[in-house]
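To start, the structure under review is shown below, and the notes come after it.
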Amino acid sequence: MLTTRHIALVVAAAASALTSCGGGSTPASPAGAVDAAPPCAGSCASASTFLTTSDVGRTIAQAVAEATARNQPATIAVVDRVGNVLAVFRMNGAPASVTVSSGSGAVGGLDGVNIVPATLAAISKALTGAYLSSEGNAFSTRTASQIVQQHFNPGERLAPGGPLFGVQFSQLPCADTNLRRVGPSPGPGPQRAPLGLAADPGGLPLYQAGTPVGGVGVVADGLYGLDPDIGDRDVDTDELIALAATFGRAAPDDRRADRITADGRTLRFADAGFGGLLSDPATAPAFGAIDGVAGSLVPVPGYTDGTLQAGLAFGEPGSGIRPAGPPLDGLDAFVPTDAADAPRFPPVAGSEPGVALTAAEVTTILREAMAVANRARAQIRRPTGSAARVSVSVVDSAGNVLGVLRSRDAPLFGLDVAIQKARTAALLSSPDAASALAGLPPAVYLDGGLTVLGSSAPGDYVTTLRDFLGSPTALADGATAFTARATGNLARPFFPDGVDGSAPGPFSRPAGAWSPFNTGLQLDTSYNAVIQHVAFVAGLAPDVGTSCAGVGGFDGGFATVPAATALASGLQIFPGSVPVYRGDTLVGAVGVSGDGVDQDDMVAFLGVHEAGLALGGFGNAPANLRSDRLTPGGHRLRYVNCPQSPFLDGSSTNACSGQ
């Protein structure tokens, strides 16, 4: 029988359909769907904003009610804001595993792998909803799908790649920078994501009092994919079940992705509203009535012991994030911490004899970069006119992390990504890059079960790059300073980016083989490690170590070889990093990730410039080394791209010019 509330939801959906055909915003949430709260802009998180065990049970029960109404048994995962898995519930009859598929017909990489436990897919979806969201923006796995494909928007020919092209291979389970569950209780984050960030609709953030407190991920259809066409509205079972789960803790309407633009395009949040549900979440049975009946909580090795857990309060001791103290106080900034609440990455000196960045220089770079961010206008944050919220990292030329700092309320995914970006710039700018890549085992691709499809050696990309640039010593001579933006130019399936029918960049798989699950060099350096982690959860192998590189294929028992520290968390191929030089000598790199990729470029570039002016002795790469002097095929590589009129406190329009 339809309840009064259910009728109201249907009416709301019908009314909204008149104005939202063919795309556009989803319906505004009806009363009761969103946790009532005043608008938040970064300061609402407190010791009282966290998911209780009752909240977690209620979230699962609402999802189960919708899955039951649709006759689609599902696996449901709930995480807190720093990535602790608080519960995984498998309904009776739910698919035990998923098939990874971009739907493009591409073969290779993760595309076509069908042995991934559904629990891992649900966890990665939930983590994505939590990690991409903040008090200023609520993003979902559908948002992620829109911004990681070969065109932005997906399906638009002659359009460049998504602004966060490659972000799906961050937060990896093998990364040395992500934390792991120790014991039965939640611990500090950010915790690792078993498959990286997800682009498959069905992962949404959870909010309380205007601040994100976690995420929910759902797998019911047995697929782990993406949305290749955003010109229509899908009836996606996973997403609808996840939407029901968020009832009462749904993202504030004004913070959802569909209220935010990037490069003049409106982002997507969900293809359905609450009126599209077949159940009434407000009357879902209590968790105790479904546990052991509709399904049960399940343990997932490395993530949960199969019980309900309460989440941690973000920004409080024990969560892994707390306000920065000396020497980085006074910036309204935060630092990642360990279980003892001590900073995990305090400013330290680099490793290069005689020329290394000092701890004082690292501190100054972090301070100056954060000062730039605090003045900068955010691109993807509400309310408009907000300051950019970013994570900043500094590494030495070997990829050792020298310091990390984050703005208040910066999206949590940016901590790992900022380090990936910095390490990518440091590695590819160094004379050791070619040998580091050539020393890695080939990625051994699987295709259905444990059948070997083929292999791809990271060292082969060195040869391809040298041919592409016409330089037989590229990546071995230290003659070019590469940024994450330049690396991204080389890692697209079309070069120049977005020009359909052109040849692929030398770090990319070719068109037809490329997909968001088969990117090329980026994935090949980490592929075996991801597969080992999947095998661990399936009970077939020990867990992967704390490096994403140097892991052999499953056919060799995942044997490891020494790998460069710069590859330990995986490569990243979208903008936001610059190398740092002392004269003509590479001494490190800075990575930034947060509220827009042009802002990320600017904060990194100007942060290094301003720190160099303040202290002397180091700075950005000399102009004659920068990647934008290279013109392969007559097309110039990029170095950085700074936004126009970027500051809230001035009218400067060429902030990076001449630096």
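Residues are named by chain letter and number: chains run A, B, ... in the order of the structure tokens, numbers start at 1 in each chain, and ligands are numbered from 1 in the order shown.
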Checklist entry - Which residues, written as a VMD selection string, have at least one atom at most 7 Å from Gly617 in chain A, with only C-alpha atoms counted and residues fewer than 2 positions away on the same chain left out? => result chain A and resid 582 612 615
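Nearest to Ser526 in chain A of all the residues A:Ala410, A:Leu308, A:Leu440, A:Ala250 is A:Leu440, based on only C-alpha atoms.
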Next on the checklist: Run DSSP on the backbone and tell me which residues of range 102-263 of chain A come out as strand (DSSP E or B); list them as an NGL selection string.
Outcome noted: :A and (108 or 111 or 116-117 or 138 or 179 or 191 or 194 or 196 or 203-208 or 211-219 or 223-224 or 250 or 256 or 261-262)
I need the chosen residues saved as a short mmCIF file (atom, residue, chain, number, x, y, z; two decimals), in the first residue's frame, with N, CA and C atoms.
data_model
loop_
_atom_site.label_atom_id
_atom_site.label_comp_id
_atom_site.auth_asym_id
_atom_site.auth_seq_id
_atom_site.Cartn_x
_atom_site.Cartn_y
_atom_site.Cartn_z
N GLY A 108 41.54 -5.57 -22.25
CA GLY A 108 42.82 -5.34 -21.60
C GLY A 108 42.67 -4.51 -20.36
N ASP A 111 39.40 -4.00 -17.90
CA ASP A 111 38.20 -4.24 -18.71
C ASP A 111 38.05 -5.73 -18.99
N VAL A 116 36.13 -9.99 -9.54
CA VAL A 116 36.17 -9.01 -8.46
C VAL A 116 34.99 -9.24 -7.51
N PRO A 117 35.23 -9.50 -6.23
CA PRO A 117 34.12 -9.66 -5.30
C PRO A 117 33.22 -8.42 -5.28
N ALA A 138 28.91 18.09 -3.23
CA ALA A 138 28.50 16.69 -3.05
C ALA A 138 28.62 16.00 -4.40
N LEU A 179 46.10 4.46 4.48
CA LEU A 179 46.14 3.62 5.67
C LEU A 179 45.29 2.37 5.49
N GLN A 191 41.60 5.83 4.54
CA GLN A 191 41.78 4.41 4.32
C GLN A 191 41.83 4.12 2.81
N PRO A 194 39.60 -0.45 -2.31
CA PRO A 194 40.05 -1.72 -2.90
C PRO A 194 40.23 -1.69 -4.40
N GLY A 196 40.37 1.47 -6.11
CA GLY A 196 40.51 2.88 -6.44
C GLY A 196 39.15 3.55 -6.40
N GLY A 203 27.19 5.01 -5.99
CA GLY A 203 27.93 5.46 -4.83
C GLY A 203 27.58 6.90 -4.51
N LEU A 204 27.07 7.15 -3.31
CA LEU A 204 26.59 8.49 -2.92
C LEU A 204 27.13 8.87 -1.55
N PRO A 205 27.31 10.18 -1.31
CA PRO A 205 27.74 10.62 0.01
C PRO A 205 26.59 10.63 1.00
N LEU A 206 26.93 10.57 2.28
CA LEU A 206 25.97 10.71 3.37
C LEU A 206 26.31 11.97 4.15
N TYR A 207 25.29 12.75 4.50
CA TYR A 207 25.48 14.02 5.19
C TYR A 207 24.73 14.03 6.52
N GLN A 208 25.26 14.80 7.45
CA GLN A 208 24.58 15.05 8.72
C GLN A 208 24.88 16.48 9.14
N THR A 211 27.24 18.48 6.86
CA THR A 211 28.62 18.07 6.63
C THR A 211 28.66 16.60 6.24
N PRO A 212 29.56 16.21 5.32
CA PRO A 212 29.62 14.79 4.95
C PRO A 212 30.13 13.94 6.11
N VAL A 213 29.50 12.81 6.30
CA VAL A 213 29.91 11.89 7.38
C VAL A 213 30.25 10.51 6.84
N GLY A 214 30.13 10.31 5.52
CA GLY A 214 30.46 9.01 4.96
C GLY A 214 29.87 8.84 3.58
N GLY A 215 29.72 7.57 3.19
CA GLY A 215 29.17 7.26 1.88
C GLY A 215 28.56 5.88 1.87
N VAL A 216 27.74 5.63 0.87
CA VAL A 216 27.11 4.32 0.69
C VAL A 216 27.33 3.87 -0.74
N GLY A 217 27.63 2.58 -0.90
CA GLY A 217 27.83 2.02 -2.23
C GLY A 217 27.00 0.76 -2.40
N VAL A 218 26.43 0.58 -3.60
CA VAL A 218 25.51 -0.52 -3.86
C VAL A 218 25.91 -1.23 -5.15
N VAL A 219 25.87 -2.57 -5.11
CA VAL A 219 26.05 -3.39 -6.30
C VAL A 219 24.91 -4.39 -6.35
N LEU A 223 27.65 -5.63 -12.48
CA LEU A 223 28.58 -4.91 -13.34
C LEU A 223 29.29 -3.82 -12.55
N TYR A 224 30.51 -3.52 -12.97
CA TYR A 224 31.28 -2.41 -12.42
C TYR A 224 31.77 -1.62 -13.62
N ALA A 250 20.71 12.59 2.96
CA ALA A 250 21.06 12.89 1.58
C ALA A 250 21.84 14.20 1.50
N ARG A 256 24.88 19.70 -4.36
CA ARG A 256 25.01 18.57 -5.28
C ARG A 256 25.75 18.97 -6.55
N THR A 261 29.34 23.79 -11.99
CA THR A 261 29.82 23.68 -13.36
C THR A 261 31.34 23.55 -13.39
N ALA A 262 31.84 22.93 -14.45
CA ALA A 262 33.27 22.86 -14.73
C ALA A 262 33.44 23.06 -16.22
#
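Close contacts of Ala349 in chain A, defined as residues with an atom at most 8 Å away when counting only C-alpha atoms, with chain neighbours fewer than 5 positions off set aside, comprise A:Ala356, A:Leu357, A:Thr358, A:Ala359, A:Val362, A:Leu402.
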Using only C-alpha atoms, which residues of range 458-540 of chain A come within 10 Å of range 297-307 of chain A, and what is the closest atom pair for each, with the distance in Å to one decimal? Give it as a tab-separated table, sorted by chain and residue number.
residue	atom	partner	partner_atom	distance
A:His533	CA	A:Gly302	CA	9.6
A:Phe536	CA	A:Pro301	CA	7.8
A:Val537	CA	A:Pro301	CA	5.5
A:Ala538	CA	A:Pro301	CA	8.5
A:Gly539	CA	A:Pro301	CA	8.6
Checklist entry - Smallest atom-to-atom distance to Met91 in chain A: which of A:Ile290, A:Ile115, A:Val235, A:Ala106, using only C-alpha atoms? => result A:Ile290
Next on the checklist: Can you tell me which residues surround range 451-459 of chain A at a distance of at most 9 Å, considering only C-alpha atoms, apart from same-chain residues fewer than 4 positions away, and format the answer as JSON, numbers by chain?
Outcome noted: {"A": [107, 108, 434, 435, 436, 437, 438, 439, 440, 441, 442, 443, 444, 445, 446, 447, 463, 520, 521, 522, 524, 525, 553, 555]}
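Taking CA of Asn114 in chain A and CA of Phe507 in chain A as the two end points, the separation is 25.8 Å.
The space separating CA of Glu135 in chain A from CA of Ser652 in chain A comes to 27.9 Å.
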Item to check | Counting only C-alpha atoms, the option among A:Gly202, A:Phe517, A:Thr631, A:Asp497 closest to Phe139 in chain A | outcome: A:Gly202
